[in-house]
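Note sheet for the following structure.
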Amino acid sequence: MGTPVFVLAGLLVHCVFLASIFDIYFTSPLVHGMTPQQTLLPSPAKRLVLFVADGLRADSLYELDSNSTPRAPFLRQWAVNISSRRWRQENSAWSILENNGSWGISHTHVPTESRPGHVALIAGFYEDVSAVAKGWKENPVEFDSVFNESRYTWSWGSPDILPMFAKGASGDHVYTFCYTAESEDFGTQDASRLDTWVFDHVKSFFNSSRNNQTLYSALNEEKVVLFLHLLGIDTNGHAHRPNSREYKENIRKVDEGVKEIASMLENFYGNDGKTAFILTSDHGMTDWGSHGAGHPSETLTPLIAWGAGVNYPQRVASQFFEDNFLKEWKLENLKRLDVNQADIAPLMASLIGVPFPLNSVGTLPLEYLNNSAYFKAESMFTNAVQILEQFKVKMTQKKETTLSFLFMPFKPLSDSEQINLLKKTRLYIQQEKYDEAVSLCKALIILALEGLSYYHTYDRLFLGLSIAMGFVGWTAYVILVIIKTHTNLTKAAQSHDKESTILLYCFAFVGMIIAFFLLIQMCPWTYYVYCLLPVPVWYAVVKELHIIQDLAANLLSLHVGRSMGFLLVCALGIETLVFSFFYRSTLTVGLLVFAGWPVITQLWVRAKMLSIALSTYVVSSTHNSLQNKQGLPVLNQIISWTTLVSSSVSPLLSPTFLFQRLFSILLSLMSTYLLLSTGYEALFLLVLSGLMFVWINMEQEALQHYSFSRKPKLAVFNFSYATDIMQFRQLHLDDVRRSFFFVFFIVTAFFGTGNIASVNSFEPASVYCFLTVFSPFVMGGLLVLKVVIPFVLVSCAFEAVQVTTQLSSKSLFLIVLVISDVMALHFFFLVKDYGSWLDIGTSISHYVLVMSLTIFMMLMNGLAQLLTTKRLELSRKTKHHFT
């Protein structure tokens, strides 16, 4: 197999391995074909008002300020040690937690981003990550929601959230009013004006309805939802951090706005007592202004409900929670009612009497309801039937696509068990044994959710084994290629045309059987890829049987202790890399070991650093401008984008001598990295570059153990001569160490100042030199570039190591491929679907990360060759030498 074909095959194989994880773990949980379920009892509320304070942490709303005053006096109770009696009397009637409603914590799921958070709140299910990756403004799958089931829904807020619920709704009854995307600017005025815009437009909308009889009549219908999406808190949190004055002041403004809207609506509807209110958040935020991962500051959000159908505050003597929040917030005597985020959707549906969203997996939180025991039992029964319907549809779909003799049903919830539970629950309700009926409903919901998970992951073992076989086969094939083409361990290949033909027919027959098996089960086309991939891979391995035999003979001739020691060191090195994903300190130990390597050289390079100085100035100037709320200076923005573009070209203008080209690459990358830095991490690239220069020197020194020729100076090496095949040599065991160092430094480059959460969590401060108006894809692209820059530096250093040690880039990179594939196989088996959402998400992200790095290193290898070997020839003046 030629080099271009091999590289293309490697990219395709690894893309399949990477994509497989989405079919195994990230497939959509949605099913379609269920019947809407709702109680026929009168609903307690005619209308529902949903306030979603985007990015609001639970502690930020519930905790008291330093002077023991509430940050949100309308929503939260007054402080017990306030000295002003008049203040307490004036505000007590408006204290929701104290007098009017119920409260608790809504526990969100990873990823803690706006889109999945709102889907969980309004549709009642946890969106799969593959859908999240498709963007904020697109509906990758159709889903039902409380808005869709309502008679009318009017919504105000961000253009990133509102349209997806209108697009997914059937009919024309969900209306959106959005400000422009350009209004979401992190760098100019206080972002609380976004929330002020929402409150002002809601008040204006209701005032105008008095002169519009059609609208006025619609607003007075039943099953009406008003949705106010408040983005200011999230924007201020990103720009100024949650502990800032801006973030906390924004909470006060939201509290005032909610109070005004509630008062206005009560007046508009003549205090009919038919309006229910819910305030919550889609996700929280870390202390450093990011979200996306599973830290409690990101997953704990507030939930406050009051109005029609909602329970009044429940006073208790004591209550137990594992955290100490009640004491910290001074709310020990008011009952805290925690829910999962998806539970809010059935709560809203129950309050206004609409069918539960078809795909909801939430359990109705009965303690929030102020209604009869009969109403609660009937509502829970409806909730259980609605989730059971999803289970039945999922089971039917899986049964239809599986051979009958292979189908394994979910035994705890057989057809007879379903009928028995439903009949028993209905009998309890008729006998007015409502507590028993509720308990049975909750048990049925738990079983139905377990069954949904069972059928959702039904093919996981089958697909996992197929991918594992492909992994092992590919790794074995790469090892055989290394041995065959880059070592002297094997003899010349002998031609056995007849045996090869028989072997080909055998594997082709196996492939046909697998394809036929998948065809009769009507499997998706991706299953064909995953299951058939091992066939050609293992054919390529078995075809090289003579190499395996020669290798075995050579290994048997070696000293057993030395061979075992070498394999043990290799295994230990790979395990260390795997361990570093869980414990970052492992990288520090590795760097200390590297520092102890006795071969040390010093490099002195002289050059001007004009672009770095300019970048430093731009960062400082931009920071001061934004701090003074003067926006991003246009000149700074122009310089930043110009530097970004020029940094990709300027290295190609320098000579291709090793030190000159590497130093040019460093200066270019450093300029861009500075513009994308927010603090100390700007020093990381400088330290990493010094480490890379030392590594290059040390590897050339180590080469003398295998060569008695005089060592050429590093300064004379030229990248442009690296393609001369006459300079290449065969591999030896020392080259395994070089490849391992490359993988180690790639991991160090990635975890040096953070990890992938810094991209996924969306830290906008890193891109303020380029833009401040919210643009998720441009900002995300710049953040990815920031992560990529250290990779480029390490890849260029690796290219230099290959040049100085007279190795072809292919031979050394093949060893890198084996190391990274063995790591990936580790993480593939470490993926789990149990435990906390953080544990599940972390295990999956590790596999995706290693697979991405493997593919990425292939691309980085090509980019490094481009940056180091190519040169743009501009018109040059003829040099004249004078004596």
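Naming works like this for the structure tokens: A, B, ... for the chains as they're shown, residue 1 at the start of each chain, ligands 1 onward in shown order.
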
**Study point:** Shell around Leu403 (chain A) at 10 Å using only C-alpha atoms, local window under 4 positions removed, as a ChimeraX atom specification
**Key:** /A:398-399,407-408,517,520-521

Check your understanding: Hey, what's within 10 Å of His732 (chain A) if we count only C-alpha atoms and toss same-chain stuff fewer than 4 positions away? As a ChimeraX atom specification, please?
Key -> /A:486-488,706,736-737

**Study point:** Nearby residues (only C-alpha atoms) at most 9 Å from Phe199 (chain A), same-chain spacing under 6 positions excluded, as number ranges by chain
**Key:** A: 156, 228, 254, 257-258, 260-261

Practice item. Report the distance between CA of Phe227 (chain A) and CA of Tyr126 (chain A) in Å, rounded to one decimal place. Key: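 Computing it gives 19.9 Å between the two atoms.
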
Point to revise | Contacts of Ile574 (chain A) at 12 Å (only C-alpha atoms; same-chain gap of 4+ positions) as a ChimeraX atom specification | key: /A:567-570,578-581,590,736-737,739-741,743-744,747,816,818-827

Review point. Tell me, which residues of region 222-392 of chain A carry DSSP helix (DSSP H, G or I), written as a PyMOL selection string?
Key: chain A and resi 232-240+245-268+296-299+325-329+341-352+366-368+373-392

Exercise for review: Do a neighbour search on Lys335 (chain A) at 10 Å with only C-alpha atoms, toss out local chain neighbours closer than 2 positions, and write the hits as a PyMOL selection string.
Suggested key: chain A and resi 97+102-104+313-319+326+331-333+337-338

Exercise for review: Within 9 Å of region 458-469 of chain A, counting only C-alpha atoms, which residues show up once you throw out same-chain ones fewer than 3 positions away? Write them as a list in words, please.
Suggested key: Val16, Phe17, Ser20, Ile21, Asp23, Ile24, Tyr25, Lys398, Ser453, Tyr454, Tyr455, Val472, Gly473, Trp474, Tyr527, Tyr530, Cys531, Leu532, Leu533, Pro534, Trp538, Leu825, Phe828 and Phe829 of chain A

Okay, now the selection with N, CA and C atoms, as a PDB file, in the first residue's frame?
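Result went into out_7.pdb, see below:
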ATOM      1  N   VAL A  16     -14.027   6.616  11.138  1.00  0.00           N
ATOM      2  CA  VAL A  16     -15.062   5.620  11.464  1.00  0.00           C
ATOM      3  C   VAL A  16     -15.033   5.302  12.956  1.00  0.00           C
ATOM      4  N   PHE A  17     -13.835   5.101  13.507  1.00  0.00           N
ATOM      5  CA  PHE A  17     -13.724   4.824  14.942  1.00  0.00           C
ATOM      6  C   PHE A  17     -14.304   5.968  15.764  1.00  0.00           C
ATOM      7  N   SER A  20     -18.132   6.179  15.434  1.00  0.00           N
ATOM      8  CA  SER A  20     -18.845   5.061  16.064  1.00  0.00           C
ATOM      9  C   SER A  20     -19.344   5.400  17.453  1.00  0.00           C
ATOM     10  N   ILE A  21     -18.597   6.252  18.160  1.00  0.00           N
ATOM     11  CA  ILE A  21     -18.987   6.576  19.524  1.00  0.00           C
ATOM     12  C   ILE A  21     -20.306   7.322  19.557  1.00  0.00           C
ATOM     13  N   ASP A  23     -22.821   6.739  17.408  1.00  0.00           N
ATOM     14  CA  ASP A  23     -23.869   5.746  17.212  1.00  0.00           C
ATOM     15  C   ASP A  23     -24.049   4.872  18.446  1.00  0.00           C
ATOM     16  N   ILE A  24     -22.990   4.711  19.210  1.00  0.00           N
ATOM     17  CA  ILE A  24     -23.066   3.841  20.381  1.00  0.00           C
ATOM     18  C   ILE A  24     -23.596   4.590  21.609  1.00  0.00           C
ATOM     19  N   TYR A  25     -23.133   5.825  21.803  1.00  0.00           N
ATOM     20  CA  TYR A  25     -23.467   6.545  23.029  1.00  0.00           C
ATOM     21  C   TYR A  25     -24.261   7.828  22.817  1.00  0.00           C
ATOM     22  N   LYS A 398     -37.484  -1.842  18.239  1.00  0.00           N
ATOM     23  CA  LYS A 398     -36.323  -2.727  18.359  1.00  0.00           C
ATOM     24  C   LYS A 398     -36.695  -4.170  18.011  1.00  0.00           C
ATOM     25  N   SER A 453     -33.864   3.021  28.523  1.00  0.00           N
ATOM     26  CA  SER A 453     -32.408   2.987  28.460  1.00  0.00           C
ATOM     27  C   SER A 453     -31.915   1.643  27.919  1.00  0.00           C
ATOM     28  N   TYR A 454     -32.582   0.562  28.324  1.00  0.00           N
ATOM     29  CA  TYR A 454     -32.197  -0.785  27.869  1.00  0.00           C
ATOM     30  C   TYR A 454     -32.301  -0.891  26.353  1.00  0.00           C
ATOM     31  N   TYR A 455     -33.417  -0.458  25.784  1.00  0.00           N
ATOM     32  CA  TYR A 455     -33.593  -0.575  24.338  1.00  0.00           C
ATOM     33  C   TYR A 455     -32.782   0.471  23.579  1.00  0.00           C
ATOM     34  N   VAL A 472      -8.110  -3.430  17.063  1.00  0.00           N
ATOM     35  CA  VAL A 472      -7.003  -4.377  17.228  1.00  0.00           C
ATOM     36  C   VAL A 472      -6.414  -4.744  15.877  1.00  0.00           C
ATOM     37  N   GLY A 473      -7.284  -4.975  14.896  1.00  0.00           N
ATOM     38  CA  GLY A 473      -6.796  -5.327  13.563  1.00  0.00           C
ATOM     39  C   GLY A 473      -5.985  -4.220  12.926  1.00  0.00           C
ATOM     40  N   TRP A 474      -6.463  -2.975  13.045  1.00  0.00           N
ATOM     41  CA  TRP A 474      -5.732  -1.854  12.453  1.00  0.00           C
ATOM     42  C   TRP A 474      -4.375  -1.671  13.125  1.00  0.00           C
ATOM     43  N   TYR A 527     -24.187   0.814  10.569  1.00  0.00           N
ATOM     44  CA  TYR A 527     -23.875  -0.489  11.142  1.00  0.00           C
ATOM     45  C   TYR A 527     -23.057  -1.330  10.159  1.00  0.00           C
ATOM     46  N   TYR A 530     -19.404  -0.177  10.487  1.00  0.00           N
ATOM     47  CA  TYR A 530     -18.739  -0.626  11.706  1.00  0.00           C
ATOM     48  C   TYR A 530     -18.476  -2.134  11.698  1.00  0.00           C
ATOM     49  N   CYS A 531     -19.440  -2.902  11.180  1.00  0.00           N
ATOM     50  CA  CYS A 531     -19.314  -4.359  11.236  1.00  0.00           C
ATOM     51  C   CYS A 531     -18.476  -4.925  10.095  1.00  0.00           C
ATOM     52  N   LEU A 532     -18.446  -4.237   8.967  1.00  0.00           N
ATOM     53  CA  LEU A 532     -17.671  -4.741   7.831  1.00  0.00           C
ATOM     54  C   LEU A 532     -16.234  -4.238   7.831  1.00  0.00           C
ATOM     55  N   LEU A 533     -15.955  -3.153   8.558  1.00  0.00           N
ATOM     56  CA  LEU A 533     -14.596  -2.609   8.593  1.00  0.00           C
ATOM     57  C   LEU A 533     -13.549  -3.628   9.044  1.00  0.00           C
ATOM     58  N   PRO A 534     -13.823  -4.443  10.094  1.00  0.00           N
ATOM     59  CA  PRO A 534     -12.795  -5.414  10.505  1.00  0.00           C
ATOM     60  C   PRO A 534     -12.437  -6.441   9.432  1.00  0.00           C
ATOM     61  N   TRP A 538      -8.557  -7.142   8.887  1.00  0.00           N
ATOM     62  CA  TRP A 538      -7.970  -8.420   9.290  1.00  0.00           C
ATOM     63  C   TRP A 538      -7.478  -9.232   8.094  1.00  0.00           C
ATOM     64  N   LEU A 825      -7.886   2.601  22.398  1.00  0.00           N
ATOM     65  CA  LEU A 825      -8.553   1.352  22.735  1.00  0.00           C
ATOM     66  C   LEU A 825      -8.777   1.251  24.243  1.00  0.00           C
ATOM     67  N   PHE A 828     -11.738   3.397  24.933  1.00  0.00           N
ATOM     68  CA  PHE A 828     -12.955   2.801  24.384  1.00  0.00           C
ATOM     69  C   PHE A 828     -13.564   1.828  25.390  1.00  0.00           C
ATOM     70  N   PHE A 829     -12.722   1.051  26.051  1.00  0.00           N
ATOM     71  CA  PHE A 829     -13.219   0.107  27.049  1.00  0.00           C
ATOM     72  C   PHE A 829     -13.533   0.792  28.379  1.00  0.00           C
TER      73      PHE A 829
END

Practice item. Excluding region 279-291 of chain A and residues on its chain fewer than 2 positions from it, collect all residues at most 6 Å away from it, counting only C-alpha atoms, and give them as a PyMOL selection string. Key: chain A and resi 51-57+112+114+117-118+237-238+241-242+293+297-299+301-304+761+763

Point to revise | DSSP-assigned strand (DSSP E) members of region 38-244 of chain A, reported as JSON, numbers by chain | key: {"A": [47, 48, 49, 50, 51, 52, 53, 101, 102, 103, 104, 105, 106, 107, 152, 153, 154, 155, 156, 157, 174, 175, 176, 177, 178, 224, 225, 226, 227, 228, 229, 230]}
